[in-house]
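Engineer: File follows, start.txt with compact mmCIF, C-alpha atoms:
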# COMPACT_ATOMS: atom_id res chain seq x y z
CA MET W 6 -26.41 -37.55 -62.52
CA THR W 7 -28.85 -37.90 -59.61
CA GLY W 8 -31.09 -40.69 -58.50
CA SER W 9 -34.12 -38.74 -59.71
CA LEU W 10 -33.13 -39.29 -63.34
CA PRO W 11 -34.17 -42.40 -65.32
CA LYS W 12 -32.10 -45.51 -64.80
CA ALA W 13 -32.13 -46.39 -68.51
CA TYR W 14 -32.82 -44.81 -71.90
CA PHE W 15 -34.30 -46.12 -75.14
CA ALA W 16 -33.66 -44.54 -78.56
CA MET W 17 -35.89 -45.92 -81.32
CA GLY W 18 -34.91 -45.24 -84.93
CA LEU W 19 -37.12 -46.13 -87.89
CA HIS W 20 -36.02 -46.31 -91.52
CA LEU W 21 -38.76 -45.69 -94.12
CA HIS W 22 -37.83 -46.51 -97.71
CA GLN W 23 -39.20 -47.90 -100.95
CA PRO W 24 -37.09 -48.53 -104.06
CA VAL W 25 -37.08 -45.98 -106.86
CA GLY W 26 -39.38 -47.35 -109.56
CA ASN W 27 -41.54 -49.43 -107.25
CA PHE W 28 -45.17 -49.90 -108.31
CA GLU W 29 -47.66 -47.28 -107.16
CA ASP W 30 -49.95 -49.87 -105.59
CA ILE W 31 -47.10 -51.14 -103.42
CA LEU W 32 -46.35 -47.61 -102.23
CA GLU W 33 -50.03 -47.08 -101.39
CA ARG W 34 -50.19 -50.40 -99.59
CA ALA W 35 -47.12 -49.56 -97.49
CA TYR W 36 -48.59 -46.17 -96.67
CA SER W 37 -51.91 -47.66 -95.54
CA ASN W 38 -50.48 -50.69 -93.75
CA CYS W 39 -47.46 -49.10 -92.12
CA TYR W 40 -46.41 -45.47 -92.52
CA SER W 41 -49.74 -43.83 -91.76
CA PRO W 42 -50.96 -46.01 -88.86
CA PHE W 43 -47.59 -45.83 -87.10
CA LEU W 44 -47.91 -42.04 -86.92
CA ASP W 45 -51.49 -42.37 -85.66
CA VAL W 46 -50.42 -44.60 -82.77
CA LEU W 47 -47.39 -42.46 -81.97
CA ARG W 48 -49.52 -39.30 -81.91
CA ASN W 49 -51.68 -40.86 -79.20
CA HIS W 50 -48.60 -41.38 -77.00
CA PRO W 51 -47.05 -37.91 -76.60
CA ASP W 52 -44.54 -39.17 -74.02
CA ILE W 53 -42.90 -41.52 -76.56
CA LYS W 54 -40.04 -40.17 -78.66
CA CYS W 55 -38.77 -41.65 -81.94
CA THR W 56 -36.29 -40.83 -84.68
CA PHE W 57 -37.31 -41.23 -88.33
CA HIS W 58 -35.36 -41.55 -91.55
CA PHE W 59 -37.21 -41.11 -94.85
CA SER W 60 -35.55 -41.77 -98.20
CA GLY W 61 -36.02 -38.85 -100.58
CA ASN W 62 -38.07 -40.69 -103.16
CA LEU W 63 -40.51 -41.81 -100.45
CA LEU W 64 -40.85 -38.17 -99.38
CA ASP W 65 -41.55 -37.35 -103.04
CA PHE W 66 -44.36 -39.92 -102.96
CA PHE W 67 -45.82 -38.44 -99.77
CA GLU W 68 -45.69 -34.94 -101.22
CA ALA W 69 -47.44 -36.00 -104.42
CA SER W 70 -50.03 -38.42 -103.00
CA HIS W 71 -50.38 -37.73 -99.26
CA PRO W 72 -49.27 -34.16 -98.53
CA ASP W 73 -51.07 -34.25 -95.18
CA TYR W 74 -48.39 -36.68 -94.01
CA PHE W 75 -45.98 -33.73 -93.81
CA ASP W 76 -48.41 -31.87 -91.56
CA ARG W 77 -48.64 -34.86 -89.25
CA VAL W 78 -44.87 -35.28 -89.09
CA ASN W 79 -44.39 -31.56 -88.48
CA GLU W 80 -46.90 -31.66 -85.63
CA LEU W 81 -44.90 -34.38 -83.85
CA ALA W 82 -41.58 -32.73 -84.63
CA GLY W 83 -42.89 -29.39 -83.37
CA ARG W 84 -43.67 -30.81 -79.96
CA GLY W 85 -40.25 -32.48 -79.76
CA GLN W 86 -41.61 -35.99 -80.10
CA ILE W 87 -39.69 -36.98 -83.21
CA GLU W 88 -36.35 -36.22 -84.84
CA ILE W 89 -35.67 -36.63 -88.55
CA MET W 90 -32.41 -38.09 -89.82
CA GLY W 91 -30.73 -37.40 -93.14
CA GLY W 92 -29.12 -39.74 -95.64
CA GLY W 93 -28.57 -40.12 -99.36
CA TYR W 94 -31.64 -38.82 -101.20
CA TYR W 95 -32.14 -41.95 -103.29
CA GLU W 96 -30.67 -44.43 -100.77
CA PRO W 97 -27.35 -45.35 -102.41
CA ILE W 98 -24.73 -47.64 -100.92
CA PHE W 99 -22.33 -44.84 -99.98
CA PRO W 100 -18.99 -46.60 -100.61
CA ALA W 101 -20.26 -47.80 -104.02
CA ILE W 102 -20.74 -44.35 -105.59
CA PRO W 103 -18.31 -41.49 -106.37
CA GLN W 104 -17.58 -39.12 -103.51
CA ARG W 105 -19.01 -36.10 -105.36
CA ASP W 106 -22.33 -37.93 -105.75
CA ARG W 107 -22.25 -39.08 -102.15
CA LEU W 108 -21.91 -35.48 -100.96
CA GLY W 109 -24.50 -34.35 -103.49
CA GLN W 110 -27.11 -36.87 -102.38
CA ILE W 111 -26.57 -36.10 -98.69
CA GLU W 112 -26.92 -32.37 -99.30
CA MET W 113 -30.00 -32.87 -101.47
CA LEU W 114 -31.84 -34.71 -98.68
CA SER W 115 -30.58 -32.43 -95.89
CA SER W 116 -31.80 -29.36 -97.78
CA TYR W 117 -35.18 -30.97 -98.45
CA ILE W 118 -35.62 -31.91 -94.79
CA GLU W 119 -34.68 -28.40 -93.69
CA LYS W 120 -37.20 -26.92 -96.12
CA LYS W 121 -40.08 -29.23 -95.20
CA PHE W 122 -39.46 -29.79 -91.48
CA GLY W 123 -37.57 -26.69 -90.39
CA ALA W 124 -34.23 -28.14 -89.28
CA ARG W 125 -31.19 -29.69 -90.93
CA PRO W 126 -30.63 -33.29 -89.82
CA LYS W 127 -27.85 -34.08 -87.37
CA GLY W 128 -27.96 -37.82 -87.96
CA ILE W 129 -27.56 -39.91 -91.09
CA TRP W 130 -28.95 -43.30 -92.06
CA THR W 131 -26.17 -45.43 -93.57
CA PRO W 132 -27.99 -47.52 -96.21
CA GLU W 133 -27.91 -51.24 -95.46
CA ARG W 134 -25.37 -50.27 -92.79
CA VAL W 135 -22.60 -50.72 -95.37
CA TRP W 136 -19.77 -48.97 -93.59
CA SER W 137 -16.38 -47.67 -94.67
CA PRO W 138 -14.03 -45.55 -92.51
CA GLY W 139 -13.71 -43.06 -95.37
CA LEU W 140 -17.34 -42.02 -94.87
CA VAL W 141 -16.55 -40.10 -91.69
CA LYS W 142 -14.95 -37.19 -93.50
CA ASP W 143 -17.87 -36.87 -95.91
CA PHE W 144 -20.40 -37.06 -93.09
CA THR W 145 -18.73 -34.37 -91.02
CA ALA W 146 -18.34 -32.17 -94.10
CA SER W 147 -22.11 -32.45 -94.48
CA GLY W 148 -22.77 -31.37 -90.89
CA ILE W 149 -23.60 -34.87 -89.67
CA LYS W 150 -23.03 -35.71 -86.00
CA TYR W 151 -24.07 -39.37 -85.74
CA THR W 152 -25.19 -42.56 -87.47
CA ILE W 153 -26.74 -45.88 -86.40
CA LEU W 154 -24.89 -49.13 -87.08
CA ASP W 155 -25.09 -52.69 -85.72
CA ASP W 156 -23.52 -54.50 -82.83
CA ALA W 157 -21.65 -56.51 -85.48
CA HIS W 158 -19.88 -53.34 -86.63
CA LEU W 159 -18.67 -52.57 -83.14
CA ALA W 160 -17.63 -56.18 -82.61
CA ARG W 161 -15.25 -55.70 -85.56
CA ALA W 162 -13.80 -52.79 -83.62
CA GLY W 163 -13.26 -54.94 -80.54
CA ILE W 164 -16.30 -53.88 -78.52
CA GLY W 165 -17.97 -56.68 -76.55
CA LYS W 166 -21.71 -57.29 -76.43
CA ASN W 167 -21.83 -56.11 -72.81
CA ASP W 168 -20.34 -52.73 -73.73
CA LEU W 169 -23.06 -51.43 -76.06
CA SER W 170 -25.03 -49.31 -73.59
CA GLY W 171 -24.25 -45.94 -75.15
CA TYR W 172 -22.45 -44.58 -78.19
CA TYR W 173 -18.86 -44.44 -79.44
CA VAL W 174 -17.04 -41.94 -81.62
CA THR W 175 -15.04 -42.88 -84.69
CA GLY W 176 -12.76 -41.00 -87.07
CA ASP W 177 -9.72 -38.79 -86.52
CA PRO W 178 -9.41 -35.77 -84.18
CA LYS W 179 -10.58 -33.39 -86.93
CA ASN W 180 -13.40 -35.52 -88.28
CA ARG W 181 -15.43 -37.55 -85.83
CA ILE W 182 -18.98 -38.81 -85.64
CA ALA W 183 -20.92 -40.72 -83.02
CA VAL W 184 -21.97 -44.31 -83.69
CA PHE W 185 -25.04 -45.70 -81.93
CA PRO W 186 -25.06 -49.53 -81.95
CA THR W 187 -28.36 -51.33 -82.45
CA THR W 188 -28.39 -54.90 -81.19
CA LYS W 189 -29.45 -57.99 -83.08
CA THR W 190 -31.62 -58.92 -80.09
CA PHE W 191 -33.85 -55.89 -80.64
CA ARG W 192 -33.96 -56.34 -84.41
CA TYR W 193 -35.39 -59.81 -83.88
CA SER W 194 -37.66 -59.07 -80.91
CA ILE W 195 -39.24 -55.74 -81.98
CA PRO W 196 -42.07 -56.06 -82.99
CA PHE W 197 -42.07 -59.87 -83.01
CA ARG W 198 -42.09 -60.63 -79.30
CA SER W 199 -44.71 -59.38 -76.89
CA PRO W 200 -44.28 -55.90 -75.39
CA ARG W 201 -43.87 -57.36 -71.91
CA GLU W 202 -41.12 -59.70 -73.09
CA ASN W 203 -39.26 -56.71 -74.49
CA ILE W 204 -39.67 -54.79 -71.22
CA ARG W 205 -38.33 -57.80 -69.32
CA TYR W 206 -35.29 -57.72 -71.60
CA PHE W 207 -34.77 -54.03 -70.81
CA LYS W 208 -34.83 -54.86 -67.11
CA ARG W 209 -32.44 -57.81 -67.38
CA ALA W 210 -29.99 -55.92 -69.58
CA SER W 211 -30.06 -52.91 -67.25
CA LYS W 212 -28.72 -54.82 -64.29
CA ASN W 213 -25.27 -53.79 -63.09
CA LYS W 214 -25.18 -50.88 -65.58
CA GLN W 215 -25.34 -47.18 -64.87
CA TYR W 216 -27.85 -45.29 -67.00
CA PRO W 217 -27.56 -47.56 -70.07
CA LEU W 218 -28.88 -46.56 -73.49
CA PHE W 219 -30.73 -49.17 -75.54
CA THR W 220 -30.73 -48.51 -79.27
CA TYR W 221 -33.12 -49.80 -81.92
CA GLY W 222 -32.62 -48.92 -85.58
CA ASP W 223 -34.34 -50.91 -88.32
CA ASP W 224 -36.87 -50.91 -91.16
CA ALA W 225 -40.22 -49.32 -90.40
CA GLU W 226 -41.82 -51.80 -92.80
CA LYS W 227 -41.59 -54.41 -90.03
CA PHE W 228 -44.43 -52.45 -88.43
CA GLY W 229 -47.19 -53.36 -90.85
CA GLU W 230 -45.78 -53.98 -94.34
CA TRP W 231 -43.97 -57.24 -93.74
CA PRO W 232 -46.18 -60.36 -94.09
CA TRP W 233 -48.80 -60.68 -91.30
CA THR W 234 -47.36 -57.73 -89.34
CA HIS W 235 -50.23 -55.30 -89.97
CA GLU W 236 -52.60 -57.66 -88.19
CA TRP W 237 -50.15 -58.14 -85.30
CA VAL W 238 -48.88 -54.58 -84.90
CA TYR W 239 -52.15 -52.65 -85.33
CA LYS W 240 -55.25 -54.83 -85.27
CA LYS W 241 -54.00 -56.88 -82.32
CA GLY W 242 -52.45 -53.76 -80.83
CA TRP W 243 -48.76 -54.64 -80.46
CA LEU W 244 -47.51 -51.09 -81.07
CA ASN W 245 -50.08 -49.46 -78.84
CA ASN W 246 -49.35 -52.00 -76.09
CA PHE W 247 -45.59 -51.54 -76.48
CA PHE W 248 -45.90 -47.78 -76.10
CA ASN W 249 -48.21 -48.28 -73.12
CA GLU W 250 -45.58 -50.50 -71.48
CA LEU W 251 -42.89 -47.89 -72.10
CA VAL W 252 -45.07 -45.21 -70.50
CA LYS W 253 -45.92 -47.51 -67.59
CA ASN W 254 -42.19 -48.03 -66.97
CA GLY W 255 -41.36 -44.38 -67.59
CA LYS W 256 -40.01 -43.77 -64.09
CA TRP W 257 -36.92 -45.86 -64.85
CA LEU W 258 -36.96 -46.15 -68.68
CA LYS W 259 -37.09 -42.97 -70.78
CA THR W 260 -37.43 -42.73 -74.57
CA VAL W 261 -35.12 -40.20 -76.23
CA THR W 262 -34.16 -39.03 -79.69
CA PHE W 263 -30.58 -39.67 -80.72
CA SER W 264 -29.66 -35.99 -80.82
CA GLU W 265 -31.15 -35.50 -77.38
CA TYR W 266 -29.02 -38.27 -75.92
CA LEU W 267 -25.94 -37.13 -77.83
CA GLY W 268 -26.27 -33.64 -76.39
CA SER W 269 -26.49 -34.79 -72.79
CA HIS W 270 -24.19 -37.83 -72.53
CA GLU W 271 -20.52 -38.48 -73.16
CA ALA W 272 -19.24 -41.18 -75.50
CA LEU W 273 -18.22 -44.54 -74.07
CA GLY W 274 -14.96 -44.29 -75.99
CA ALA W 275 -13.29 -43.93 -79.39
CA ILE W 276 -13.09 -46.79 -81.89
CA ASP W 277 -11.78 -47.61 -85.36
CA MET W 278 -14.23 -49.66 -87.41
CA PRO W 279 -13.11 -51.54 -90.53
CA GLU W 280 -15.31 -51.91 -93.61
CA CYS W 281 -18.33 -54.04 -92.77
CA ALA W 282 -22.10 -54.43 -92.98
CA TYR W 283 -24.75 -56.13 -90.90
CA GLU W 284 -24.34 -59.83 -90.22
CA GLU W 285 -26.97 -61.11 -92.66
CA MET W 286 -25.65 -58.89 -95.45
CA THR W 287 -22.14 -60.34 -95.19
CA GLU W 288 -23.63 -63.82 -95.48
CA TRP W 289 -25.63 -62.95 -98.61
CA ALA W 290 -22.70 -61.17 -100.23
CA GLY W 291 -20.05 -63.64 -99.15
CA GLY W 292 -18.17 -60.79 -97.48
CA GLY W 293 -18.38 -57.06 -98.27
CA TRP W 294 -21.29 -55.55 -100.20
CA MET W 295 -19.11 -54.94 -103.27
CA ASN W 296 -18.98 -58.73 -103.73
CA PHE W 297 -22.44 -58.47 -105.26
CA LEU W 298 -20.81 -56.88 -108.31
CA SER W 299 -18.86 -60.09 -108.84
CA LYS W 300 -21.78 -62.32 -107.91
CA TYR W 301 -24.19 -60.75 -110.40
CA PRO W 302 -22.90 -59.67 -113.87
CA GLU W 303 -26.03 -57.50 -114.20
CA SER W 304 -25.04 -55.58 -111.07
CA ASP W 305 -21.53 -55.06 -112.32
CA GLN W 306 -22.81 -53.77 -115.67
CA MET W 307 -25.22 -51.33 -114.01
CA HIS W 308 -22.50 -50.17 -111.64
CA LYS W 309 -19.99 -49.49 -114.41
CA ARG W 310 -22.61 -47.67 -116.45
CA MET W 311 -23.52 -45.55 -113.43
CA PHE W 312 -19.87 -44.56 -112.96
CA TYR W 313 -19.58 -43.74 -116.67
CA VAL W 314 -22.62 -41.44 -116.54
CA SER W 315 -21.31 -39.78 -113.37
CA GLU W 316 -17.98 -39.03 -115.07
CA LYS W 317 -19.72 -37.55 -118.11
CA ILE W 318 -21.89 -35.28 -115.98
CA ASN W 319 -18.87 -34.20 -113.97
CA GLU W 320 -16.95 -33.35 -117.16
CA LEU W 321 -19.82 -31.13 -118.30
CA GLU W 322 -19.88 -29.33 -114.96
CA ILE W 323 -16.14 -28.68 -115.08
CA ARG W 324 -16.51 -26.94 -118.45
CA ASN W 325 -18.67 -24.32 -116.71
CA PRO W 326 -21.40 -24.17 -119.37
CA LYS W 327 -24.08 -21.56 -119.82
CA PRO W 328 -26.87 -21.29 -117.20
CA GLU W 329 -29.45 -22.95 -119.43
CA ILE W 330 -27.12 -25.94 -119.84
CA ARG W 331 -26.48 -26.11 -116.11
CA ASN W 332 -30.20 -26.64 -115.52
CA LYS W 333 -30.11 -29.62 -117.85
CA ILE W 334 -27.06 -30.95 -116.03
CA GLU W 335 -28.89 -30.70 -112.70
CA ASN W 336 -31.80 -32.65 -114.15
CA ALA W 337 -29.40 -35.26 -115.49
CA LYS W 338 -27.76 -35.48 -112.08
CA ILE W 339 -31.11 -36.29 -110.46
CA GLU W 340 -31.59 -39.14 -112.93
CA LEU W 341 -28.07 -40.33 -112.12
CA TYR W 342 -28.84 -40.25 -108.40
CA LYS W 343 -31.99 -42.30 -108.99
CA GLY W 344 -29.84 -44.86 -110.79
CA GLN W 345 -27.68 -45.13 -107.67
CA THR W 346 -30.54 -46.49 -105.53
CA ASN W 347 -29.10 -49.60 -103.90
CA CYS W 348 -32.06 -51.96 -104.24
CA PRO W 349 -31.55 -53.24 -107.84
CA TYR W 350 -27.82 -53.93 -107.32
CA TRP W 351 -28.13 -56.81 -104.86
CA HIS W 352 -30.37 -59.49 -103.43
CA GLY W 353 -31.20 -60.37 -99.84
CA VAL W 354 -34.55 -61.49 -98.44
CA PHE W 355 -36.50 -59.52 -101.03
CA GLY W 356 -36.43 -59.39 -104.82
CA GLY W 357 -33.68 -56.85 -105.42
CA ILE W 358 -31.84 -57.45 -108.66
CA TYR W 359 -34.38 -60.08 -109.70
CA LEU W 360 -37.07 -57.40 -110.06
CA SER W 361 -36.72 -56.18 -113.63
CA HIS W 362 -38.91 -53.10 -113.10
CA LEU W 363 -36.37 -51.84 -110.54
CA ARG W 364 -33.37 -52.49 -112.80
When written as structure tokens, how does the structure in this file appear?
Structural biologist:
Amino acid sequence: MTGSLPKAYFAMGLHLHQPVGNFEDILERAYSNCYSPFLDVLRNHPDIKCTFHFSGNLLDFFEASHPDYFDRVNELAGRGQIEIMGGGYYEPIFPAIPQRDRLGQIEMLSSYIEKKFGARPKGIWTPERVWSPGLVKDFTASGIKYTILDDAHLARAGIGKNDLSGYYVTGDPKNRIAVFPTTKTFRYSIPFRSPRENIRYFKRASKNKQYPLFTYGDDAEKFGEWPWTHEWVYKKGWLNNFFNELVKNGKWLKTVTFSEYLGSHEALGAIDMPECAYEEMTEWAGGGWMNFLSKYPESDQMHKRMFYVSEKINELEIRNPKPEIRNKIENAKIELYKGQTNCPYWHGVFGGIYLSHLR
């Protein structure tokens, strides 16, 4: 690399999701407070690049209630300003559902994204960052090249906090994906500390590093849907000011999409990551996410029922029924996938399993 290139890079990933079964007025509120105004601000800053992940049921809501949202996303994607990640269509915890459903949900969302936005996703959002090494093979089989996890995940693999300025690969020689680590510092400072404070952090953290990559990957709802954030992010101009600061510092700090960086930079190394989730999740669960099934009898009952329904649908598919029956099976499978949405199975900061309309 030459001295004319940026000294540092910033990849910003946003996760947009609402639970299956959420009230219509909540969806509309999130659209007005968060999803729509974020695109408006981003559109006014053509030099800023972002990566988006949309859960499938949220895309269904946009298509039914705000179809112009697709046009706006396509405009930004067409000029190379945004990249769209894949995932499980109805946002399941991947290790908690059967493999056939995991592959089915990933393919369902990838196909939808390709149809609506013109390109199959290269990245995948791992819901609640609940990780298992066995996911690598399924991801690569689905054409996935990378995911975003936390610094806590890489710490479990022996990577220190000063060695997170890029991406690592994980898996075996035949099945490997890239892992971009997002730091806890960014999750707590964006968008909650002033734009200039965040830029100062970029500068401090860049010292003594050669072309570091800074990664942010978190819920888009922090930008307007969380309490008081709409006032802070839009009315008081945090997002606009943050983007202005990034542009002002563009000679040394460049925003990139994850695929863009992946295609032009080598991995920092190879790692083996054990099963884990983000730090707060392990505290709530008392360990791995599956502990919620022991913690809440209602979760365990729903989980067992979901597996039972999945087995029944699979048995019907194996029998190779008539075409008219296959259509019914596909419809049943969609209902099964909806029942695999992670939100009603656990409880963190928000209502989760305590919200009966989600269960």
Engineer: List every residue of range 127-196 of chain W that has an atom at most 12 Å from any atom of range 46-62 of chain W, giving for each one its closest atom pair and the distance in Å to one decimal, counting all atoms listed in the file, sorted by chain and then by ascending residue number, as CSV.
Structural biologist:
residue,atom,partner,partner_atom,distance
W:Lys127,CA,W:Thr56,CA,11.1
W:Gly128,CA,W:His58,CA,9.0
W:Ile129,CA,W:His58,CA,8.0
W:Trp130,CA,W:His58,CA,6.7
W:Thr131,CA,W:His58,CA,10.2
W:Pro132,CA,W:Ser60,CA,9.7
W:Thr152,CA,W:His58,CA,11.0
W:Ile153,CA,W:His58,CA,10.9
Engineer: Please return as a VMD selection string every residue within 7 Å of (-28.7, -45.6, -72.3), taking into account all atoms listed in the file and the file's own coordinates.
Structural biologist: chain W and resid 13 to 15 170 to 171 216 to 219
Engineer: Determine the nearest neighbour of Tyr313 in chain W from the options W:Gly292, W:Gly268, W:Pro103, W:Gly357, counting only C-alpha atoms.
Structural biologist: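 The closest residue to Tyr313 in chain W is W:Pro103.
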Engineer: As a list in words, please: the residues near Ala157 in chain W (cut-off 12 Å, only C-alpha atoms, same-chain neighbours under 6 positions excluded).
Structural biologist: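 Selected residues are Arg134, Val135, Trp136, Gly163, Ile164, Gly165, Lys166, Leu169, Phe185, Pro186, Thr187, Thr188, Lys189, Thr190, Met278, Pro279, Glu280, Cys281, Ala282, Tyr283, Glu284, Glu285, Met286 and Thr287 of chain W.
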Engineer: Find the spatial neighbours of range 331-348 of chain W, counting only C-alpha atoms, within a cut-off of 6 Å - ignore same-chain residues fewer than 2 positions away - and output them as a VMD selection string.
Structural biologist: chain W and resid 95 to 98 328 to 329 350 357
Engineer: For Gly123 in chain W, work out the shell of residues within 12 Å, counting all atoms listed in the file and skipping chain neighbours fewer than 3 positions away, then give it as a list of chain:residue names.
Structural biologist: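 Contacts, with the query itself left out: W:Phe75, W:Val78, W:Asn79, W:Glu80, W:Ala82, W:Gly83, W:Glu88, W:Ile89, W:Ser115, W:Ser116, W:Tyr117, W:Ile118, W:Glu119, W:Lys120, W:Pro126.
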Engineer: Please, what distance in Å, to one decimal, runs between CA of Leu21 in chain W and CA of His308 in chain W?
Structural biologist: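 Distance between the two atoms: 24.3 Å.
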Engineer: One decimal, Å: what's the distance from CA of Cys39 in chain W over to CA of Lys227 in chain W, could you say?
Structural biologist: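 Value for the CA of Cys39 in chain W-CA of Lys227 in chain W distance: 8.2 Å.
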Engineer: Let me make sure I understand: among W:Leu81, W:Gln86, W:Val141, W:Ala35, which one has the smallest atom-to-atom distance to Leu108 in chain W if we use all atoms listed in the file?
Structural biologist: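 Smallest distance to Leu108 in chain W is found for W:Val141.
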Engineer: For CA of Ser264 in chain W and CA of Lys150 in chain W, determine how far apart the two atoms are, in Å to one decimal place.
Structural biologist: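 Atom-to-atom, CA of Ser264 in chain W and CA of Lys150 in chain W are spaced 8.4 Å apart.
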Engineer: Considering all atoms listed in the file, return as a ChimeraX atom specification whatever protein or nucleic-acid residues lie within 12 Å of Asn38 in chain W, sequence-local ones (same chain, fewer than 3 positions apart) excluded.
Structural biologist: /W:30-35,41-45,225-240
Engineer: Using only C-alpha atoms, can you tell me which of W:Gly176, W:Met311, W:Pro11, W:Lys121 comes closest to Glu68 in chain W?
Structural biologist: W:Lys121
Engineer: Using all atoms listed in the file, which of the listed residues (W:Pro24, W:Gly93, W:Pro72, W:Pro196) sits closest to Asp223 in chain W?
Structural biologist: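 Answer, going by the shortest atom-to-atom distance: W:Pro196.
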Engineer: Counting all atoms listed in the file, write as a ChimeraX atom specification all protein and nucleic acid residues lying at most 12 Å from (-17.5, -36.3, -91.7) in the file's frame.
Structural biologist: /W:107-108,111,127-129,137-152,174-183
Engineer: Calculated over only C-alpha atoms, which of the candidates W:Asn325, W:Asn167, W:Asn319, W:Thr220 has the smallest distance to Arg105 in chain W?
Structural biologist: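 Answer, going by the shortest atom-to-atom distance: W:Asn319.
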Engineer: Under the rule that all atoms listed in the file are counted, which of W:Ile276, W:Glu202, W:Glu271, W:Asp168 is the nearest residue to Lys214 in chain W?
Structural biologist: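 For Lys214 in chain W, the nearest of the given residues is W:Asp168.
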Engineer: Would you place a box with edges along x, y and z of the file around all atoms of range 117-127 of chain W listed there, add 8 Å to each of its six sides, and report the centre and edge lengths in Å to one decimal, as JSON?
Structural biologist:
{"center_x": -34.0, "center_y": -30.4, "center_z": -92.9, "size_x": 28.2, "size_y": 23.4, "size_z": 27.1}
